[in-house]
Amino acid sequence: MLADTRGGIAALAAGGLTPGARQSRSDRNLRTLLQGFGALDDDLRYAGSVRAGYAEPPGLTPGQPGRRHPALPLAEIARAASWPSAMASAETWDQAATMLQPVGGMDAIARAFARALGTTIRYQAEVVGIRRVGDRARVSWRIGSRARPTPSTRTSSSAPFRCRC
């Protein structure tokens with residue numbers, strides 16, 4: 001829905017651009033912006049986008065391009081009662097996408113945790129159980145064949161883990 005909304009709004013905005021060769025540099029820049037923002041074609045129309053997902057996912061080869069979901073009409077999206085909150089949820093201050101690049105690379109975060117937590121971290125340990133006990137957690141883990149339960153007020157786990165689903 002978000003991709004189709006962006007496409008529909010971008011196409012509406014593109015309708016206000018000066019047509020053809022009379023375009024100013026500002027109009028050309030805006031055209032480029034709207035095409036990228038809304039996945040508009042060369043004629044500034046929105047006909048759906050891979051951003052909206054696939055009805056049939058693409059295969060492994062170029063001969064299997066998949067089938068995109070058809071574009072939802074903007075008027076239909078506007079009638080939906082839930083769209084305002086759905087549109088804004090990813091853009092609120094506490095839900096924004098992660099946009100950081102730590103100095104020293106992404107593993108700088110893990111190295112900082114290791115420095116701060118020291119011997120609290122159990123390397124090469126397999127978590128075999130997590131149980132809630134009141135307002136705490138009990139994590140059972142093992143290294144080799146010996147299992148050890150550890151009471152904890154905070155628990156952090158990192159992949160990979162074994163799931164016996």
# chains A, B, ... in the order shown; residues from 1 in each chain; ligands from 1
>>> residues_around(residues="stretch 109-123 of chain A", least_positions_apart="4", cutoff="10 Å", atoms="only C-alpha atoms", output="PyMOL selection string")
chain A and resi 102-105+127+141-143+156
>>> write_last_selection(atoms="C-alpha atoms", output="mmCIF file, in the first residue's frame")
data_model
loop_
_atom_site.group_PDB
_atom_site.id
_atom_site.type_symbol
_atom_site.label_atom_id
_atom_site.label_comp_id
_atom_site.auth_asym_id
_atom_site.auth_seq_id
_atom_site.Cartn_x
_atom_site.Cartn_y
_atom_site.Cartn_z
ATOM 1 C CA PRO A 102 29.288 3.157 12.883
ATOM 2 C CA VAL A 103 32.867 4.346 12.562
ATOM 3 C CA GLY A 104 34.938 1.189 12.228
ATOM 4 C CA GLY A 105 32.161 -0.874 10.610
ATOM 5 C CA VAL A 127 21.122 -21.256 24.651
ATOM 6 C CA TRP A 141 22.849 -22.434 28.273
ATOM 7 C CA ARG A 142 25.603 -24.906 27.759
ATOM 8 C CA ILE A 143 29.113 -25.141 26.541
ATOM 9 C CA SER A 156 20.332 -10.229 24.884
#
>>> select_by_dssp(residues="stretch 33-158 of chain A", states="helix (DSSP H, G or I)", output="ChimeraX atom specification")
/A:33-38,50-52,74-79,83-91,107-120
>>> atom_distance(atom1="atom CA of A:Pro65", atom2="atom CA of A:Gln35")
21.7 Å
>>> atom_distance(atom1="atom CA of A:Gln64", atom2="atom CA of A:Gly48")
18.2 Å
>>> select_by_dssp(residues="chain A", states="strand (DSSP E or B)", output="PyMOL selection string")
chain A and resi 54-56+67-68+126-133+136-143+146-152
>>> closest_residue(among="A:Pro62, A:Gly8, A:Pro73, A:Pro57", to="A:Leu44", atoms="only C-alpha atoms")
A:Gly8
>>> residues_around(residues="A:Asp4", least_positions_apart="2", cutoff="9 Å", atoms="only C-alpha atoms", output="mmCIF file with C-alpha atoms, in the first residue's frame")
data_model
loop_
_atom_site.group_PDB
_atom_site.id
_atom_site.type_symbol
_atom_site.label_atom_id
_atom_site.label_comp_id
_atom_site.auth_asym_id
_atom_site.auth_seq_id
_atom_site.Cartn_x
_atom_site.Cartn_y
_atom_site.Cartn_z
ATOM 1 C CA MET A 1 0.000 0.000 0.000
ATOM 2 C CA LEU A 2 2.817 2.417 0.818
ATOM 3 C CA ARG A 6 3.859 7.005 -3.138
ATOM 4 C CA GLY A 7 3.393 6.179 -6.817
ATOM 5 C CA GLY A 8 -0.054 7.748 -6.973
ATOM 6 C CA ILE A 9 0.991 10.918 -5.163
ATOM 7 C CA GLY A 38 7.144 7.080 -6.859
ATOM 8 C CA TYR A 46 2.613 4.895 -11.981
ATOM 9 C CA ALA A 47 1.847 1.362 -13.117
ATOM 10 C CA GLY A 48 2.900 -0.557 -10.041
ATOM 11 C CA SER A 49 6.293 -1.293 -8.567
ATOM 12 C CA ARG A 51 8.335 -2.160 -3.981
ATOM 13 C CA ALA A 52 4.723 -3.329 -3.558
ATOM 14 C CA ALA A 71 -1.204 -1.174 -8.488
ATOM 15 C CA LEU A 72 -3.935 -0.097 -6.086
ATOM 16 C CA PRO A 73 -5.757 3.039 -7.276
ATOM 17 C CA LEU A 74 -4.948 6.059 -5.127
ATOM 18 C CA ILE A 77 -6.213 3.761 -0.811
#
>>> decode(residues="stretch 48-60 of chain A", atoms="N, CA and C atoms", output="short mmCIF file (atom, residue, chain, number, x, y, z; two decimals), in the first residue's frame")
data_model
loop_
_atom_site.label_atom_id
_atom_site.label_comp_id
_atom_site.auth_asym_id
_atom_site.auth_seq_id
_atom_site.Cartn_x
_atom_site.Cartn_y
_atom_site.Cartn_z
N GLY A 48 2.50 0.49 -10.97
CA GLY A 48 2.90 -0.56 -10.04
C GLY A 48 4.41 -0.56 -9.89
N SER A 49 4.87 -1.29 -8.88
CA SER A 49 6.29 -1.29 -8.57
C SER A 49 6.68 -2.58 -7.85
N VAL A 50 7.93 -2.98 -8.01
CA VAL A 50 8.43 -4.13 -7.25
C VAL A 50 8.43 -3.83 -5.75
N ARG A 51 8.38 -2.54 -5.40
CA ARG A 51 8.34 -2.16 -3.98
C ARG A 51 7.05 -2.65 -3.31
N ALA A 52 6.00 -2.86 -4.10
CA ALA A 52 4.72 -3.33 -3.56
C ALA A 52 4.68 -4.85 -3.43
N GLY A 53 5.72 -5.52 -3.88
CA GLY A 53 5.79 -6.97 -3.74
C GLY A 53 5.31 -7.71 -4.97
N TYR A 54 5.32 -9.00 -4.88
CA TYR A 54 5.01 -9.87 -6.00
C TYR A 54 3.84 -10.79 -5.68
N ALA A 55 2.97 -10.97 -6.65
CA ALA A 55 1.92 -11.98 -6.55
C ALA A 55 2.56 -13.35 -6.77
N GLU A 56 3.54 -13.41 -7.68
CA GLU A 56 4.36 -14.60 -7.91
C GLU A 56 5.81 -14.13 -7.86
N PRO A 57 6.58 -14.59 -6.88
CA PRO A 57 7.96 -14.10 -6.74
C PRO A 57 8.83 -14.44 -7.95
N PRO A 58 9.85 -13.64 -8.20
CA PRO A 58 10.76 -13.92 -9.31
C PRO A 58 11.51 -15.23 -9.05
N GLY A 59 11.91 -15.87 -10.14
CA GLY A 59 12.70 -17.09 -10.03
C GLY A 59 14.18 -16.75 -9.99
N LEU A 60 14.99 -17.75 -10.24
CA LEU A 60 16.44 -17.58 -10.15
C LEU A 60 17.07 -17.05 -11.43
#
